[in-house]
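Novice: Okay, handing you the structure first.
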Amino acid sequence: MRHFTWSPEHEVFIAQIDAEHRDLFQIAEGLEQTMEAHAPSADIKEHLQALTAHLEDHFSHEEWLMQSVSYPSYGWHKQQHDTARRRLKLFAPLIEGGDAEAADVFLEFLAGWMQDHTGVTDRMMAAFVRNYERSHATDAFERWGAPSRSGGGLRVRTAAATADVGPFPKTMRFCKVCGDQTTHEIRARGLACVKCAERSVSADLDRD
Ligand SMILES: [Fe+2]
């Protein structure tokens, strides 16, 4: 029995990435249980396909995120993703064909990879992304004036701060307003979803 259970020690403190990691652990655990129960090959195939699809979506998302903030260790990080991609591609047909030993070797690899990758590599990436977003929000405060609260709503001090002055640095998040995974502009008042209305602040830089 391996440990595919997500725990707070895997948290990277970007809500969307953490949600994707939780799903990944759950899917991997499901695959392990299916194989241990000697389930029909159709069930195993279904779990493997779910794992492949989720891994690709998740890796693509992280790689987009890293590129959007010009992450300096992008190549090193992507290399680890590519290792997992290649390993899965190599082992999936063997596992689907009922090779129990191959399944064992692959699950052992995956458990260790997920532990190391989320605990170190993803945490480093997330720290850089959070820092990048905070630093650009600070730049925006300095350029356009800090938002101030008046009349119960969020107002900005200067006319320039309300103008669509760009280009804004970009990052990728789940939008709390439209619910989609979208590009967000980093503005003085927070992250703004490009798909939503101008004033929709969709993520909180300090809490996310
Ligand atoms: Fe990653």
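Naming scheme: A, B, ... for chains in displayed order of the structure tokens; residues 1 onward per chain; ligands 1 onward as shown.
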Collect all residues with atoms no farther than 8 Å from ligand 1, counting only C-alpha atoms and all ligand atoms, and output them as a list in words.
Specialist: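 Result of the 8 Å neighbour search around ligand 1: His58, Phe59, Glu62, Glu63, His77, Lys78, Gln80, His81, His117, Thr118, Thr121, Asp122 and Met125 of chain A.
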Novice: Need to verify the contact set: stretch 69-75 of chain A, 9 Å, only C-alpha atoms, exclusion of same-chain residues closer than 4 positions in sequence. Can you return it as a ChimeraX atom specification?
Specialist: /A:63-65,79-80,125,128-129,132-133,169-171
Novice: Since we have the selection now, will you write its residues out, keeping C-alpha atoms, as a JSON list (two decimals), in the first residue's frame?
Specialist:
[["chain", "number", "residue", "atom", "x", "y", "z"],
["A", 63, "GLU", "CA", 3.71, 25.20, -17.47],
["A", 64, "TRP", "CA", 1.46, 28.02, -18.69],
["A", 65, "LEU", "CA", 1.59, 29.60, -15.25],
["A", 79, "GLN", "CA", 11.88, 18.23, -17.27],
["A", 80, "GLN", "CA", 10.32, 16.58, -14.20],
["A", 125, "MET", "CA", 7.28, 27.47, -8.34],
["A", 128, "PHE", "CA", 7.91, 32.48, -7.10],
["A", 129, "VAL", "CA", 4.43, 33.03, -8.60],
["A", 132, "TYR", "CA", 5.77, 37.85, -8.66],
["A", 133, "GLU", "CA", 2.10, 38.74, -8.24],
["A", 169, "PRO", "CA", 1.41, 41.55, -16.13],
["A", 170, "LYS", "CA", -0.59, 38.35, -16.42],
["A", 171, "THR", "CA", -1.09, 35.22, -14.40]]
Novice: Just checking: using only C-alpha atoms, which residue out of A:Met114, A:Val194, A:Ile14, A:Ala53 ends up closest to A:Thr83?
Specialist: A:Met114
Novice: So which residues touch A:Phe168 within 7 Å, counting only C-alpha atoms, skipping near sequence neighbours fewer than 6 positions away, as a list in words?
Specialist: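 That gives Glu185, Ile186 and Arg187 of chain A.
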Novice: Per DSSP on the backbone, what are the helix (DSSP H, G or I) residues of stretch 10-172 of chain A, as a PyMOL selection string?
Specialist: chain A and resi 10+15-36+41-68+74-96+100-144+159-162
Novice: Between atom CA of A:Gly30 and atom CA of A:Pro8, what distance in Å does the model show, to one decimal?
Specialist: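 For atom CA of A:Gly30 relative to atom CA of A:Pro8, the distance reads 19.7 Å.
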Novice: Mind checking which residues fall within 10 Å of A:Ala102, counting only C-alpha atoms, ignoring those fewer than 5 positions away in the same chain, and posting them as a list of chain:residue names?
Specialist: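 Result of the neighbour search: A:Leu90, A:Phe91, A:Ala92, A:Pro93, A:Leu94, A:Ile95, A:Glu96, A:Gly97, A:Leu107, A:Glu108.
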Novice: Using N, CA and C atoms, can you export the residues from the last selection as a PDB file, in the first residue's frame?
Specialist:
ATOM      1  N   LEU A  90       5.022   4.912 -21.237  1.00  0.00           N
ATOM      2  CA  LEU A  90       5.721   3.632 -21.347  1.00  0.00           C
ATOM      3  C   LEU A  90       4.961   2.510 -20.634  1.00  0.00           C
ATOM      4  N   PHE A  91       4.438   2.835 -19.444  1.00  0.00           N
ATOM      5  CA  PHE A  91       3.848   1.790 -18.611  1.00  0.00           C
ATOM      6  C   PHE A  91       2.360   1.547 -18.870  1.00  0.00           C
ATOM      7  N   ALA A  92       1.646   2.559 -19.356  1.00  0.00           N
ATOM      8  CA  ALA A  92       0.189   2.421 -19.511  1.00  0.00           C
ATOM      9  C   ALA A  92      -0.210   1.185 -20.324  1.00  0.00           C
ATOM     10  N   PRO A  93       0.416   0.939 -21.489  1.00  0.00           N
ATOM     11  CA  PRO A  93      -0.001  -0.250 -22.257  1.00  0.00           C
ATOM     12  C   PRO A  93       0.279  -1.558 -21.517  1.00  0.00           C
ATOM     13  N   LEU A  94       1.397  -1.590 -20.750  1.00  0.00           N
ATOM     14  CA  LEU A  94       1.729  -2.809 -20.006  1.00  0.00           C
ATOM     15  C   LEU A  94       0.688  -3.064 -18.910  1.00  0.00           C
ATOM     16  N   ILE A  95       0.328  -1.976 -18.207  1.00  0.00           N
ATOM     17  CA  ILE A  95      -0.647  -2.108 -17.113  1.00  0.00           C
ATOM     18  C   ILE A  95      -2.012  -2.506 -17.678  1.00  0.00           C
ATOM     19  N   GLU A  96      -2.386  -1.870 -18.771  1.00  0.00           N
ATOM     20  CA  GLU A  96      -3.667  -2.215 -19.417  1.00  0.00           C
ATOM     21  C   GLU A  96      -3.685  -3.675 -19.858  1.00  0.00           C
ATOM     22  N   GLY A  97      -2.514  -4.178 -20.215  1.00  0.00           N
ATOM     23  CA  GLY A  97      -2.401  -5.579 -20.650  1.00  0.00           C
ATOM     24  C   GLY A  97      -2.352  -6.562 -19.488  1.00  0.00           C
ATOM     25  N   LEU A 107       3.470   2.369  -9.964  1.00  0.00           N
ATOM     26  CA  LEU A 107       2.866   3.022  -8.792  1.00  0.00           C
ATOM     27  C   LEU A 107       3.932   3.454  -7.785  1.00  0.00           C
ATOM     28  N   GLU A 108       4.975   2.633  -7.675  1.00  0.00           N
ATOM     29  CA  GLU A 108       6.086   2.982  -6.782  1.00  0.00           C
ATOM     30  C   GLU A 108       6.753   4.276  -7.267  1.00  0.00           C
TER      31      GLU A 108
END
Novice: From a DSSP pass on the backbone, collect the residues of stretch 12-180 of chain A flagged as strand (DSSP E) and hand them back as JSON, numbers by chain.
Specialist: {"A": [147, 148, 149, 150, 153, 154, 155, 156, 170, 171, 172, 173, 174]}
Novice: Would you output that residue set with C-alpha atoms, as a PDB file, in the first residue's frame?
Specialist:
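Saved as part-v9.pdb:
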ATOM      1  CA  PRO A 147      -6.907  51.938  -3.770  1.00  0.00           C
ATOM      2  CA  SER A 148      -8.705  53.525  -0.804  1.00  0.00           C
ATOM      3  CA  ARG A 149     -12.065  52.678   0.767  1.00  0.00           C
ATOM      4  CA  SER A 150     -14.772  55.305   0.808  1.00  0.00           C
ATOM      5  CA  GLY A 153     -16.870  50.442  -1.609  1.00  0.00           C
ATOM      6  CA  LEU A 154     -13.411  50.159  -3.002  1.00  0.00           C
ATOM      7  CA  ARG A 155     -12.366  53.409  -4.717  1.00  0.00           C
ATOM      8  CA  VAL A 156      -9.106  54.505  -6.227  1.00  0.00           C
ATOM      9  CA  LYS A 170      -0.595  38.351 -16.420  1.00  0.00           C
ATOM     10  CA  THR A 171      -1.088  35.218 -14.395  1.00  0.00           C
ATOM     11  CA  MET A 172      -3.473  32.268 -14.533  1.00  0.00           C
ATOM     12  CA  ARG A 173      -6.153  31.563 -11.912  1.00  0.00           C
ATOM     13  CA  PHE A 174      -9.618  30.189 -11.349  1.00  0.00           C
TER      14      PHE A 174
END
Novice: For a test of reading the model, state the distance in Å between atom CA of A:Leu55 and atom CA of A:Arg86, rounded to one decimal.
Specialist: 11.7 Å
Novice: Which residue is closest to A:Arg123? Choose from A:Ala42, A:His184, A:Thr5, A:His21 and count only C-alpha atoms.
Specialist: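 Of all the options, A:His21 lies closest to A:Arg123.
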